[in-house]
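Asker: To start, I am sharing the structure in question, which I have written as structure tokens.
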Number of protein chains: 2
Amino acid sequence: MTTAWDFGVSRELDLVERTIRESIESEEPLLTEISQYVIASGGKRIRPTVTLLAFKAVGGKEVEKAVDIAAALELIHSATLIHDDINDRGTERRGRPAAYLKYGLQEALVTGDFLFTKAFQIGGKFEDEIVDMTARVCTALAEGEIRQKRHVGDVQLDRGEYVNIITRKTAMPIETGARVGALLGGGRLSEINAAGEYGLNLGIAFQIVDDILDVVGDGVTLGKRPGMDIKEGNVTLLAIHALNDGAVSDRSELIRIIRKRTKDWGEVQTALRMIQESGAVEKARAEARGFGDRALEALGGLPDTEARRHLRDLVEFVLSRHA
Amino acid sequence: MTTAWDFGVSRELDLVERTIRESIESEEPLLTEISQYVIASGGKRIRPTVTLLAFKAVGGKEVEKAVDIAAALELIHSATLIHDDINDRGTERRGRPAAYLKYGLQEALVTGDFLFTKAFQIGGKFEDEIVDMTARVCTALAEGEIRQKRHVGDVQLDRGEYVNIITRKTAMPIETGARVGALLGGGRLSEINAAGEYGLNLGIAFQIVDDILDVVGDGVTLGKRPGMDIKEGNVTLLAIHALNDGAVSDRSELIRIIRKRTKDWGEVQTALRMIQESGAVEKARAEARGFGDRALEALGGLPDTEARRHLRDLVEFVLSRHA
């Protein structure tokens, strides 16, 4: 995939794409087709970019191993996208219908399993420590998803629990990618920890920005209809602020809508408007910036290299993204 | 799990159960609960029994590694049961509601992913060859499922394609378990191949018996309503015989029912009766026997031990089972 922005690892990202493309070859052309479809909708390749840059930042030389694990983590990410869309009834991703709508639920579900398998076929070749780290990411993803479902429509959800959920669902995979990258690159323990700290905070910032875009984003740029979090009852940081310390015109109405099992789009619009007016967006932006700053701070534990500068730029990119 | 029958590995099977139980511990109690529910519905533990016996049959001593891989394969089996039930709209398993009906589709889907992850966390610790074998099983399961869906309602399905599908979905996991067991037990290549040949044929026989029971089985003993294959449009060996060389009273009616997208239970009953009357059950029984015989023959490649005698008994058990 070519991207307009460049963090100095475009050649390595091409290798990641190639590894992914080769691994999803199947005797069943439909499995390959659905896999390709989902991987092409996978977005900005933030995850492999972090892994590759962490590898380089600690002086890693033979990039093949980092490419492999970056591919494995991206395959896990893609598998999760498919299953999450089924679970969240997501209708679009990057302007295209969700895989389960285009290809059918059964076919999509199986393709998710297929992608998990391919990830583990690659990841299983690494030392036990990395197998454990990769498995822990997948466990956290499953636990995060269950935890999120447990809190659907929960207007009492607090910031701590929100951060817990997005850590499992978004930040831990990025943290682990960074850690493994630094580990494979031969980094010292302090450097591996610094890379992990960077990835964790970048991941949280990334998800908060995602949640902001679901409130203020433009459907066309976003490639999906905003308001899906409200629609599905996922209480994000913005709803938490609106409910707890926001200037909401009609708090009980916002609570009613969030709690309601099935919402029409008119109600979703009303909730979005109330959240926008409450000042929650600005508060969330400030918090994303705070996590971004912590990511930048963590970079102090890595040697001053071009890769580190790119990791720095990546923070700004994540904070300023509009899609 | 205690079973009425004993193939000399009950102590080792207890270790498998313990490994499984420990691996599904999660911070999210619901994940553990659904996992336990599904694993308890998992049945007769044929798969780990084969792995453990193959290990012993070649003289394997330290059983822990065989226990671990047997647990991993059983976890994969359980994950597949959950996802297959979602895909096939299966309503019951061993007399209890399918997990997705009891716990919800989203929760069940995520638990399947969780179980895959736990399998790979165990399997990923083995040498690359075994990682590859395990991953190939999962790939085959996904490909078999897609292939089966491709042939839903396909009255032209032939025996070769049917065997291809059940090989991927049922026989390959058993074959691989046998191979890995013999490999870990220190078997020579010829012994590993003999164990694999045994597992493959036992697995095919097992699935044919399963398909027979779906036509003639008793709902109470079976723990689920017979006729699910017909209902879901899965063309099994019995339907193939009825359609191609059976004495079917009204072939065009049978074709009509199999092809019909949504069937009521009256139509399913009609189809079952026609298949029963066609002589297909007897033909399928003979074929299951044939694969069973090939499994017995393959045992000639293993040394004469108590474990081999148990593998022999297992064939008869599989062929004569009623549930």
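Chain labels follow the order of the structure tokens: the first chain is A, the next B, and so on; residue numbering restarts at 1 in every chain, and ligands are counted from 1 in their shown order.
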Could you work out which residues of chain A fall inside 7 Å of chain B? Count only C-alpha atoms, and format the result as a list in words.

Answerer: Glu28, Asn87, Gln106, Glu107, Val110, Asp113, Phe114, Thr117, Phe120, Gln121, Gly124, Lys125, Asp128, Val131, Asp132, Ala135, Cys138, Thr139, Ala142, Glu143 and Ile146 of chain A

Asker: Please give the root-mean-square deviation of the Cα atoms once chain A has been least-squares fitted onto chain B, pairing every Cα in order.

Answerer: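 With all C-alpha atoms paired in order, the RMSD is 0.0 Å.
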
Asker: Per DSSP on the backbone, what are the alpha helix (DSSP H) residues of stretch 84-183 of chain B, as number ranges by chain?

Answerer: B: 84-88, 99-103, 105-123, 128-150, 159-166, 172-183

Asker: Taking only residues of stretch 165-191 of chain A that have an atom at most 12 Å from an atom of stretch 308-313 of chain A, what is each one's shortest atom pair and its distance in Å to one decimal, using only C-alpha atoms, in chain and number order, as CSV?

Answerer:
residue,atom,partner,partner_atom,distance
A:Ala178,CA,A:Leu311,CA,10.5
A:Ala182,CA,A:Arg308,CA,11.8
A:Glu191,CA,A:Arg308,CA,11.7

Asker: Now that the selection is made, can you save its residues with C-alpha atoms as a JSON list (two decimals), in the first residue's frame?

Answerer:
[["chain", "number", "residue", "atom", "x", "y", "z"],
["A", 178, "ALA", "CA", 6.86, -1.70, 19.66],
["A", 182, "ALA", "CA", 12.87, -3.25, 19.98],
["A", 191, "GLU", "CA", 14.97, 0.59, 25.44]]

Asker: Per residue of stretch 170-250 of chain A within 7 Å of stretch 285-290 of chain A, what are the shortest atom pair and its distance in Å to one decimal, counting only C-alpha atoms, with rows by chain and residue number, as a Markdown table?

Answerer:
| residue | atom | partner | partner_atom | distance |
| --- | --- | --- | --- | --- |
| A:Ala205 | CA | A:Ala288 | CA | 4.5 |
| A:Ile208 | CA | A:Ala288 | CA | 5.9 |
| A:Val209 | CA | A:Ala288 | CA | 6.7 |

Asker: Using only C-alpha atoms, determine which residues lie at most 6 Å from A:Gly233, disregarding the query and same-chain residues fewer than 5 positions distant; provide the list as a ChimeraX atom specification.

Answerer: /A:152-153,258

Asker: Quick one: pull the distance between atom CA of B:Gly95 and atom CA of B:Gln36, Å, one decimal.

Answerer: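 Atom-to-atom, atom CA of B:Gly95 to atom CA of B:Gln36, that is 15.5 Å.
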